[in-house]
file query_6.txt (compact mmCIF, C-alpha atoms)
# COMPACT_ATOMS: atom_id res chain seq x y z
CA MET A 1133 182.01 75.12 139.15
CA LYS A 1134 182.21 76.96 142.44
CA SER A 1135 181.67 80.72 142.23
CA GLN A 1136 184.50 82.94 143.46
CA PHE A 1137 181.83 84.70 145.46
CA HIS A 1138 180.99 81.61 147.50
CA ARG A 1139 183.18 81.34 150.59
CA HIS A 1140 182.65 77.64 151.11
CA VAL A 1141 180.15 75.07 149.93
CA LEU A 1142 177.31 73.87 152.12
CA PRO A 1143 176.91 70.10 152.37
CA THR A 1144 174.12 70.05 149.78
CA ALA A 1145 175.10 73.10 147.75
CA ILE A 1146 175.14 72.85 143.97
CA THR A 1147 175.98 75.32 141.25
CA VAL A 1148 174.06 75.07 137.97
CA CYS A 1149 172.71 77.31 135.24
CA MET A 1150 168.96 77.77 135.13
CA VAL A 1151 166.99 77.20 131.91
CA THR A 1152 163.57 78.84 131.81
CA ALA A 1153 161.22 80.51 129.35
CA PHE A 1154 163.39 83.63 129.54
CA THR A 1155 167.16 83.84 129.48
CA HIS A 1156 169.27 84.53 132.57
CA ALA A 1157 172.99 84.69 133.09
CA ASP A 1158 172.76 84.12 136.83
CA THR A 1159 173.88 81.13 138.87
CA LEU A 1160 171.74 78.98 141.14
CA GLU A 1161 172.92 77.53 144.43
CA GLN A 1162 170.81 75.78 147.05
CA ILE A 1163 170.81 76.53 150.75
CA ALA A 1164 170.28 73.59 153.11
CA THR A 1165 167.56 74.25 155.72
CA GLU A 1166 165.44 72.15 158.06
CA ARG A 1167 162.68 72.43 155.44
CA GLY A 1168 164.85 71.31 152.55
CA ALA A 1169 166.81 73.18 149.90
CA VAL A 1170 166.09 76.86 149.20
CA ASN A 1171 167.12 78.52 145.94
CA LEU A 1172 169.66 81.34 146.01
CA TYR A 1173 170.52 83.12 142.74
CA LEU A 1174 173.89 84.86 142.35
CA PRO A 1175 175.23 87.19 139.66
CA ASP A 1176 177.18 85.24 137.08
CA SER A 1177 180.25 87.38 137.66
CA VAL A 1178 181.23 89.35 140.76
CA GLU A 1179 184.44 90.71 142.18
CA PRO A 1180 185.97 88.32 144.76
CA GLY A 1181 185.14 89.44 148.28
CA GLU A 1182 182.63 92.07 147.12
CA PRO A 1183 179.66 92.12 149.54
CA LEU A 1184 176.34 92.26 147.70
CA PRO A 1185 172.79 93.13 148.75
CA LEU A 1186 170.44 90.27 149.60
CA VAL A 1187 166.81 90.29 148.46
CA VAL A 1188 164.38 87.68 149.84
CA SER A 1189 161.25 87.34 147.66
CA LEU A 1190 158.11 85.66 149.06
CA HIS A 1191 155.24 84.06 147.15
CA GLY A 1192 151.52 84.41 147.86
CA TYR A 1193 148.98 82.01 149.38
CA THR A 1194 148.78 78.64 147.50
CA GLY A 1195 151.72 79.79 145.34
CA ASN A 1196 155.33 78.74 145.15
CA SER A 1197 158.69 80.33 144.53
CA THR A 1198 158.80 79.40 140.83
CA GLU A 1199 155.39 80.89 140.02
CA HIS A 1200 156.20 83.96 142.06
CA GLU A 1201 159.52 84.56 140.29
CA ASN A 1202 157.84 84.05 136.91
CA TYR A 1203 155.55 86.93 137.92
CA PHE A 1204 158.09 89.34 139.43
CA ARG A 1205 161.05 88.28 137.22
CA LEU A 1206 163.63 89.77 139.54
CA ARG A 1207 166.25 87.41 138.16
CA ASN A 1208 166.31 89.52 134.99
CA GLU A 1209 168.05 92.26 137.00
CA ILE A 1210 170.53 90.23 139.07
CA ASP A 1211 173.54 90.72 136.80
CA GLU A 1212 172.66 94.27 135.78
CA ILE A 1213 172.15 95.55 139.34
CA GLY A 1214 174.28 93.08 141.28
CA PHE A 1215 172.47 91.39 144.17
CA LEU A 1216 171.63 87.99 145.64
CA LEU A 1217 168.06 86.72 145.27
CA CYS A 1218 166.59 84.13 147.63
CA THR A 1219 163.19 82.58 146.81
CA PRO A 1220 162.00 80.29 149.64
CA ASN A 1221 158.74 78.35 149.81
CA GLY A 1222 156.22 78.38 152.62
CA THR A 1223 154.83 75.21 154.21
CA GLN A 1224 151.62 73.41 153.26
CA ASN A 1225 148.53 73.23 155.43
CA PHE A 1226 146.26 70.15 155.53
CA LEU A 1227 144.35 71.55 152.54
CA GLY A 1228 147.54 71.30 150.49
CA ALA A 1229 147.88 75.09 150.21
CA SER A 1230 151.29 76.63 150.74
CA PHE A 1231 151.31 79.68 152.99
CA TRP A 1232 153.27 82.00 155.26
CA ASN A 1233 152.20 82.39 158.89
CA ALA A 1234 152.40 86.18 158.74
CA THR A 1235 149.79 88.24 160.57
CA ASN A 1236 146.57 87.18 162.29
CA ALA A 1237 144.77 88.13 159.05
CA CYS A 1238 146.88 86.13 156.60
CA CYS A 1239 147.31 83.34 156.08
CA ASN A 1240 147.42 80.62 158.75
CA PHE A 1241 143.81 79.67 158.08
CA THR A 1242 144.18 76.11 159.41
CA PHE A 1243 146.02 77.18 162.58
CA LYS A 1244 149.16 75.21 161.81
CA ASN A 1245 151.85 75.94 164.38
CA VAL A 1246 154.72 77.09 162.17
CA ASP A 1247 157.29 79.79 162.89
CA ASP A 1248 157.91 81.34 159.49
CA SER A 1249 159.36 84.48 161.02
CA GLY A 1250 162.05 82.45 162.77
CA PHE A 1251 162.62 80.25 159.73
CA LEU A 1252 163.23 83.24 157.44
CA ARG A 1253 165.56 84.90 159.92
CA ASN A 1254 167.58 81.70 160.24
CA LEU A 1255 167.66 81.44 156.44
CA ILE A 1256 169.00 84.98 156.09
CA GLU A 1257 171.59 84.39 158.81
CA THR A 1258 172.70 81.18 157.09
CA ILE A 1259 173.19 83.03 153.81
CA ILE A 1260 175.13 85.76 155.62
CA SER A 1261 177.42 83.15 157.18
CA GLU A 1262 178.15 81.41 153.88
CA TYR A 1263 178.24 84.27 151.35
CA ASP A 1264 179.58 87.80 151.09
CA VAL A 1265 176.38 89.64 151.98
CA ASP A 1266 176.28 93.37 152.65
CA PRO A 1267 174.83 93.45 156.20
CA GLY A 1268 173.45 96.94 155.65
CA SER A 1269 171.53 95.95 152.53
CA ILE A 1270 169.17 93.09 153.38
CA HIS A 1271 165.65 93.41 151.98
CA VAL A 1272 162.41 91.39 152.02
CA LEU A 1273 159.55 91.71 149.54
CA GLY A 1274 156.45 89.72 148.77
CA HIS A 1275 153.09 89.50 147.03
CA SER A 1276 149.77 89.04 148.84
CA ASN A 1277 150.45 86.54 151.69
CA GLY A 1278 154.14 87.12 150.96
CA GLY A 1279 153.51 90.86 151.34
CA PHE A 1280 151.93 90.26 154.74
CA MET A 1281 155.01 88.20 155.61
CA ALA A 1282 157.32 91.02 154.53
CA HIS A 1283 155.53 93.29 157.01
CA ARG A 1284 155.85 90.60 159.69
CA MET A 1285 159.59 90.40 159.08
CA ALA A 1286 159.85 94.19 159.43
CA CYS A 1287 158.01 93.98 162.75
CA ASP A 1288 160.11 91.11 164.11
CA HIS A 1289 163.56 91.65 162.57
CA ALA A 1290 164.16 95.34 161.89
CA ASP A 1291 167.60 94.85 163.42
CA LEU A 1292 168.48 92.64 160.45
CA ILE A 1293 166.44 94.05 157.55
CA ALA A 1294 166.92 97.50 156.04
CA SER A 1295 163.75 97.73 153.95
CA ILE A 1296 160.68 95.83 152.79
CA ALA A 1297 158.28 96.04 149.85
CA SER A 1298 154.78 94.57 149.97
CA LEU A 1299 152.52 94.14 146.94
CA ALA A 1300 148.91 93.67 148.04
CA GLY A 1301 149.77 92.78 151.62
CA ALA A 1302 149.32 94.69 154.87
CA THR A 1303 150.75 95.06 158.34
CA PHE A 1304 148.99 94.23 161.63
CA LEU A 1305 145.79 96.13 162.33
CA ASP A 1306 146.66 95.97 166.03
CA THR A 1307 149.72 98.20 166.13
CA ASN A 1308 150.74 96.67 169.47
CA ALA A 1309 151.33 93.37 167.64
CA CYS A 1310 154.17 95.00 165.72
CA MET A 1311 156.96 96.39 167.88
CA PRO A 1312 160.15 96.72 165.80
CA ASP A 1313 163.27 97.39 167.84
CA ARG A 1314 164.52 99.98 165.36
CA THR A 1315 163.44 101.95 162.30
CA ILE A 1316 162.97 100.39 158.87
CA HIS A 1317 162.00 101.55 155.38
CA ALA A 1318 158.59 100.23 154.28
CA LEU A 1319 157.07 100.38 150.77
CA GLN A 1320 153.44 99.41 150.23
CA ILE A 1321 152.30 98.76 146.62
CA HIS A 1322 148.59 98.20 146.12
CA GLY A 1323 145.99 98.27 143.35
CA ASP A 1324 142.98 100.30 144.38
CA LEU A 1325 140.62 97.84 142.61
CA ASP A 1326 142.08 94.80 144.40
CA ASP A 1327 139.11 92.60 145.36
CA VAL A 1328 141.19 89.99 147.21
CA ILE A 1329 143.19 92.10 149.67
CA ARG A 1330 141.20 95.31 149.54
CA TYR A 1331 142.91 98.67 149.20
CA ASP A 1332 140.81 100.13 152.02
CA GLY A 1333 141.25 97.15 154.32
CA GLY A 1334 139.01 94.25 155.27
CA CYS A 1335 138.89 90.87 156.99
CA ILE A 1336 139.86 87.36 155.91
CA GLY A 1337 141.35 85.14 158.65
CA GLY A 1338 141.36 88.32 160.75
CA CYS A 1339 141.12 91.98 159.88
CA TYR A 1340 143.88 93.99 158.19
CA PRO A 1341 144.44 97.72 157.63
CA GLY A 1342 144.14 99.31 154.21
CA ALA A 1343 147.11 100.40 152.16
CA GLU A 1344 146.98 104.01 153.33
CA MET A 1345 146.63 103.04 156.97
CA THR A 1346 149.50 100.58 156.57
CA VAL A 1347 151.91 103.30 155.44
CA GLU A 1348 150.60 105.66 158.12
CA ILE A 1349 151.31 103.00 160.76
CA TRP A 1350 154.88 102.63 159.51
CA ALA A 1351 155.33 106.39 159.30
CA GLU A 1352 154.37 106.69 162.97
CA LYS A 1353 156.61 103.81 164.02
CA ASN A 1354 159.50 105.42 162.13
CA GLY A 1355 158.94 108.80 163.79
CA CYS A 1356 158.00 110.55 160.53
CA ASP A 1357 155.83 113.65 160.32
CA SER A 1358 152.17 112.77 159.74
CA THR A 1359 151.99 114.89 156.57
CA ALA A 1360 152.89 113.02 153.39
CA THR A 1361 154.44 114.47 150.26
CA SER A 1362 153.75 113.43 146.68
CA ALA A 1363 156.26 112.50 144.00
CA GLU A 1364 156.00 112.00 140.26
CA PRO A 1365 153.72 109.09 139.29
CA LEU A 1366 155.14 105.89 137.81
CA ASN A 1367 154.24 103.83 134.75
CA LEU A 1368 154.33 100.23 136.00
CA VAL A 1369 151.37 98.40 134.43
CA ASN A 1370 150.95 97.18 130.85
CA ASN A 1371 147.20 97.47 130.38
CA ILE A 1372 146.54 100.79 132.13
CA SER A 1373 147.34 103.89 130.11
CA GLY A 1374 149.62 106.65 131.35
CA ASP A 1375 151.50 106.93 134.63
CA GLU A 1376 148.92 105.02 136.64
CA THR A 1377 150.80 104.66 139.94
CA SER A 1378 150.77 107.60 142.33
CA VAL A 1379 153.56 107.97 144.91
CA ARG A 1380 152.97 109.16 148.46
CA ARG A 1381 155.91 109.48 150.86
CA TYR A 1382 156.43 109.93 154.57
CA VAL A 1383 160.06 111.05 154.67
CA THR A 1384 160.07 114.27 156.69
CA ASN A 1385 161.74 114.21 160.12
CA CYS A 1386 161.80 110.41 160.21
CA ASP A 1387 164.15 108.75 162.66
CA GLU A 1388 167.39 107.68 160.98
CA GLY A 1389 166.95 104.57 158.87
CA GLY A 1390 163.18 104.84 158.58
CA SER A 1391 160.57 105.99 156.07
CA SER A 1392 157.22 104.90 154.66
CA GLU A 1393 155.93 105.04 151.11
CA LEU A 1394 152.79 104.10 149.16
CA TRP A 1395 152.56 103.30 145.47
CA ARG A 1396 148.84 103.31 144.61
CA VAL A 1397 148.18 101.49 141.34
CA GLN A 1398 145.08 103.31 140.13
CA GLY A 1399 142.86 100.75 138.41
CA GLY A 1400 145.13 97.91 139.52
CA ASN A 1401 143.81 94.54 140.69
CA HIS A 1402 145.36 91.92 142.97
CA GLY A 1403 147.94 90.85 140.40
CA PRO A 1404 148.55 93.68 137.91
CA SER A 1405 150.23 92.92 134.59
CA PHE A 1406 153.45 94.76 135.34
CA ASN A 1407 155.89 96.04 132.75
CA PRO A 1408 159.68 95.84 133.33
CA ASN A 1409 159.62 99.26 135.04
CA PHE A 1410 157.97 97.62 138.04
CA ARG A 1411 160.79 95.30 139.04
CA ARG A 1412 163.43 97.93 138.27
CA GLU A 1413 161.72 100.67 140.25
CA MET A 1414 160.96 98.36 143.17
CA LEU A 1415 164.50 96.97 143.32
CA GLN A 1416 165.99 100.44 143.01
CA TRP A 1417 163.81 101.64 145.88
CA LEU A 1418 164.80 98.70 148.08
CA LEU A 1419 168.52 98.90 147.40
CA GLU A 1420 168.62 102.67 147.83
CA HIS A 1421 166.94 102.26 151.22
CA ASN A 1422 169.85 100.57 152.94
CA ARG A 1423 171.84 101.33 156.06
CA ASN A 1424 175.22 102.00 154.50
CA THR A 1425 174.92 105.62 153.50
CA THR A 1426 175.26 108.66 155.71
CA PRO A 1427 171.83 110.31 155.95
CA PRO A 1428 171.75 113.18 153.43
CA CYS A 1429 171.70 116.75 154.61
CA ILE A 1430 168.39 117.56 152.93
CA GLY A 1431 168.23 121.14 151.70
CA ASP A 1432 171.99 121.77 151.94
CA PHE A 1433 172.44 122.71 148.29
CA ASN A 1434 175.88 124.31 148.68
CA GLU A 1435 177.14 121.37 150.77
CA ASP A 1436 178.48 123.41 153.69
CA ASP A 1437 176.78 121.10 156.22
CA ILE A 1438 174.21 123.68 157.25
CA VAL A 1439 170.78 124.54 155.90
CA ASP A 1440 170.50 128.33 155.96
CA GLY A 1441 169.56 131.42 153.97
CA SER A 1442 171.94 130.60 151.13
CA ASP A 1443 170.16 127.32 150.52
CA LEU A 1444 166.77 128.98 150.81
CA SER A 1445 167.80 131.49 148.14
CA THR A 1446 168.78 128.62 145.85
CA MET A 1447 165.36 127.06 146.32
CA LEU A 1448 163.45 130.30 145.77
CA SER A 1449 165.40 131.07 142.59
CA GLY A 1450 163.92 127.94 141.03
CA TRP A 1451 160.37 128.39 142.35
CA GLY A 1452 157.77 126.68 140.16
CA THR A 1453 160.33 124.68 138.21
CA GLN A 1454 161.83 121.21 138.48
CA SER A 1455 165.37 121.89 139.61
CA GLU A 1456 167.76 121.31 142.49
CA GLY A 1457 165.34 122.62 145.09
CA ASP A 1458 162.58 120.10 144.28
CA LEU A 1459 163.10 118.16 147.50
CA ASN A 1460 160.06 115.89 147.26
CA GLU A 1461 160.66 115.24 143.56
CA ASP A 1462 157.09 116.03 142.50
CA GLY A 1463 158.15 118.02 139.45
CA SER A 1464 157.96 121.55 140.84
CA ILE A 1465 159.40 123.63 143.69
CA ASP A 1466 156.46 124.74 145.79
CA GLY A 1467 155.19 125.15 149.33
CA GLN A 1468 155.79 121.51 150.20
CA ASP A 1469 159.49 121.88 149.42
CA LEU A 1470 159.62 125.10 151.44
CA ALA A 1471 158.11 123.27 154.42
CA ILE A 1472 160.72 120.51 154.12
CA ILE A 1473 163.69 122.90 154.04
CA LEU A 1474 162.37 124.85 157.04
CA THR A 1475 162.10 121.65 159.12
CA ARG A 1476 165.75 120.90 158.24
CA TRP A 1477 167.00 124.39 159.17
CA GLY A 1478 170.33 124.56 160.94
CA PRO A 1479 173.46 122.39 161.13
CA CYS A 1480 173.29 118.92 159.57
call {"tool": "encode", "arguments": {"input": "query_6.txt", "output": "structure tokens"}}
result
Amino acid sequence: MKSQFHRHVLPTAITVCMVTAFTHADTLEQIATERGAVNLYLPDSVEPGEPLPLVVSLHGYTGNSTEHENYFRLRNEIDEIGFLLCTPNGTQNFLGASFWNATNACCNFTFKNVDDSGFLRNLIETIISEYDVDPGSIHVLGHSNGGFMAHRMACDHADLIASIASLAGATFLDTNACMPDRTIHALQIHGDLDDVIRYDGGCIGGCYPGAEMTVEIWAEKNGCDSTATSAEPLNLVNNISGDETSVRRYVTNCDEGGSSELWRVQGGNHGPSFNPNFRREMLQWLLEHNRNTTPPCIGDFNEDDIVDGSDLSTMLSGWGTQSEGDLNEDGSIDGQDLAIILTRWGPC
């Protein structure tokens, strides 16, 4: 049965229900590409003509889309949140390992001449042409080699992609190798005990920056202030007690449409055992970082389109508490929030 959402059927498109170890109500269709069919999952029920966000999810080195989705389980949220999920596969090298040709560090170890950046852009554009995709809400995420590829897509196609999320990947160490033509939102997620792609950086095929340097590189490219702010930690991992993931943000004075953020999984390895909070928090972050919304007037608590003494008074009245004036959402109004409101002083 053809979905109402689908404008017209590609030559090889099919519509079936998936049966896996866990239950989904989504619908699978296949996108014809020069590399074969690519899976695209749709909500089971959508309003006709309603444009939805598109999320492209990329597997790691030697992996595949099925294994990767069994790990991230983003399909569990498709109907609840309402988005399209595309899960392509990389190509195989002569060792039989599937990979993405992302950065010089990872993971074209056999020097196979393959343009994965171009392939993924063409894939996204094909989906846009055949489905009702929200052009301001296109997002790429990945794990390990797929995380490196998400960074590569941000470097090459920031005109198309609103935000990326990378688990245990990294951007280019040579910042001149990444020249996006506009701002983009970048989220780096990394376990600080990762012994495969090290939190502090290292070398495999080539050298890569650490997680903190990666977010600093994106902060600079997005025009953000060099001083980061902290937010409340997250509980994302099953076998680590407490709120193990710290949040560090570069969001002050960024150019419109850009930001950089680090989720440091303290005690996390290369493939943490995530709880359901992980996929929900990551998807929420991605979909909130789109290009459809008017940039908020940060610090304008009385909504008169100017940050002035009235707003400062509102902030000071809640000093030391978690209330409206907690601009960096770290649980308390303090000097960091005061610094943010002062940088936003004046008309919005």
call {"tool": "closest_residue", "arguments": {"input": "query_6.txt", "among": "A:Asn1409, A:Ser1276, A:Ser1358, A:Thr1377", "to": "Ile1329 of chain A", "atoms": "all atoms listed in the file"}}
result
A:Ser1276
call {"tool": "closest_residue", "arguments": {"input": "query_6.txt", "among": "A:His1421, A:His1289, A:Arg1381, A:His1317", "to": "Asn1460 of chain A", "atoms": "all atoms listed in the file"}}
result
A:Arg1381
call {"tool": "closest_residue", "arguments": {"input": "query_6.txt", "among": "A:Asn1422, A:Thr1446, A:Ser1362, A:Asn1308", "to": "Ser1464 of chain A", "atoms": "only C-alpha atoms"}}
result
A:Ser1362
call {"tool": "axis_aligned_box", "arguments": {"input": "query_6.txt", "around": "segment 1339-1358 of chain A", "padding_each_side": "6 Å", "output": "AutoDock Vina command-line options"}}
result
--center_x 150.3 --center_y 102.8 --center_z 158.1 --size_x 30.4 --size_y 33.7 --size_z 23.9
call {"tool": "closest_residue", "arguments": {"input": "query_6.txt", "among": "A:Tyr1331, A:Phe1251, A:Tyr1382, A:Phe1406", "to": "Glu1166 of chain A", "atoms": "all atoms listed in the file"}}
result
A:Phe1251
call {"tool": "build_atoms", "arguments": {"input": "query_6.txt", "residues": "segment 1158-1169 of chain A", "atoms": "all heavy atoms", "output": "CSV table (one decimal), in the frame of the given file"}}
result
chain,number,residue,atom,x,y,z
A,1158,ASP,N,172.4,84.3,135.4
A,1158,ASP,CA,172.8,84.1,136.8
A,1158,ASP,C,173.1,82.7,137.1
A,1158,ASP,O,173.1,81.8,136.3
A,1158,ASP,CB,171.6,84.6,137.7
A,1158,ASP,CG,170.3,83.9,137.4
A,1158,ASP,OD1,170.3,82.7,137.3
A,1158,ASP,OD2,169.3,84.6,137.3
A,1159,THR,N,173.5,82.4,138.4
A,1159,THR,CA,173.9,81.1,138.9
A,1159,THR,C,173.0,80.7,140.0
A,1159,THR,O,172.7,81.6,140.9
A,1159,THR,CB,175.4,81.2,139.3
A,1159,THR,OG1,176.2,81.5,138.2
A,1159,THR,CG2,175.8,79.8,139.9
A,1160,LEU,N,172.6,79.5,140.1
A,1160,LEU,CA,171.7,79.0,141.1
A,1160,LEU,C,172.6,78.1,142.1
A,1160,LEU,O,173.3,77.2,141.7
A,1160,LEU,CB,170.6,78.1,140.6
A,1160,LEU,CG,169.8,77.3,141.6
A,1160,LEU,CD1,169.1,78.2,142.6
A,1160,LEU,CD2,168.9,76.4,140.9
A,1161,GLU,N,172.4,78.4,143.4
A,1161,GLU,CA,172.9,77.5,144.4
A,1161,GLU,C,171.8,77.2,145.4
A,1161,GLU,O,170.8,78.0,145.4
A,1161,GLU,CB,174.1,78.1,145.1
A,1161,GLU,CG,175.3,78.3,144.2
A,1161,GLU,CD,176.6,78.6,144.9
A,1161,GLU,OE1,176.6,78.7,146.2
A,1161,GLU,OE2,177.7,78.6,144.3
A,1162,GLN,N,171.9,76.2,146.1
A,1162,GLN,CA,170.8,75.8,147.0
A,1162,GLN,C,171.3,75.8,148.5
A,1162,GLN,O,172.4,75.3,148.8
A,1162,GLN,CB,170.3,74.4,146.7
A,1162,GLN,CG,169.5,74.4,145.3
A,1162,GLN,CD,168.8,73.1,145.0
A,1162,GLN,OE1,169.3,72.1,145.4
A,1162,GLN,NE2,167.7,73.2,144.4
A,1163,ILE,N,170.5,76.4,149.3
A,1163,ILE,CA,170.8,76.5,150.8
A,1163,ILE,C,170.1,75.4,151.5
A,1163,ILE,O,168.9,75.2,151.4
A,1163,ILE,CB,170.4,77.9,151.3
A,1163,ILE,CG1,171.0,79.0,150.5
A,1163,ILE,CG2,170.7,78.0,152.8
A,1163,ILE,CD1,172.4,79.1,150.4
A,1164,ALA,N,170.9,74.7,152.3
A,1164,ALA,CA,170.3,73.6,153.1
A,1164,ALA,C,169.6,74.2,154.3
A,1164,ALA,O,170.2,74.9,155.1
A,1164,ALA,CB,171.4,72.6,153.5
A,1165,THR,N,168.3,73.8,154.5
A,1165,THR,CA,167.6,74.2,155.7
A,1165,THR,C,166.8,73.1,156.3
A,1165,THR,O,166.8,72.0,155.7
A,1165,THR,CB,166.5,75.4,155.4
A,1165,THR,OG1,165.4,74.8,154.7
A,1165,THR,CG2,167.1,76.4,154.5
A,1166,GLU,N,166.2,73.2,157.5
A,1166,GLU,CA,165.4,72.2,158.1
A,1166,GLU,C,164.2,71.8,157.2
A,1166,GLU,O,163.6,70.8,157.4
A,1166,GLU,CB,165.0,72.5,159.5
A,1166,GLU,CG,164.0,73.7,159.6
A,1166,GLU,CD,164.7,75.0,159.7
A,1166,GLU,OE1,165.9,75.1,159.3
A,1166,GLU,OE2,164.0,76.0,160.2
A,1167,ARG,N,163.8,72.7,156.3
A,1167,ARG,CA,162.7,72.4,155.4
A,1167,ARG,C,163.1,72.0,154.1
A,1167,ARG,O,162.3,71.9,153.2
A,1167,ARG,CB,161.8,73.7,155.3
A,1167,ARG,CG,161.3,74.2,156.6
A,1167,ARG,CD,160.3,75.4,156.4
A,1167,ARG,NE,159.8,75.9,157.6
A,1167,ARG,CZ,159.0,77.0,157.7
A,1167,ARG,NH1,158.6,77.6,156.6
A,1167,ARG,NH2,158.6,77.5,158.8
A,1168,GLY,N,164.4,71.7,153.9
A,1168,GLY,CA,164.8,71.3,152.6
A,1168,GLY,C,165.6,72.4,151.9
A,1168,GLY,O,165.9,73.4,152.5
A,1169,ALA,N,166.0,72.2,150.6
A,1169,ALA,CA,166.8,73.2,149.9
A,1169,ALA,C,166.0,74.4,149.5
A,1169,ALA,O,164.8,74.3,149.1
A,1169,ALA,CB,167.4,72.5,148.7
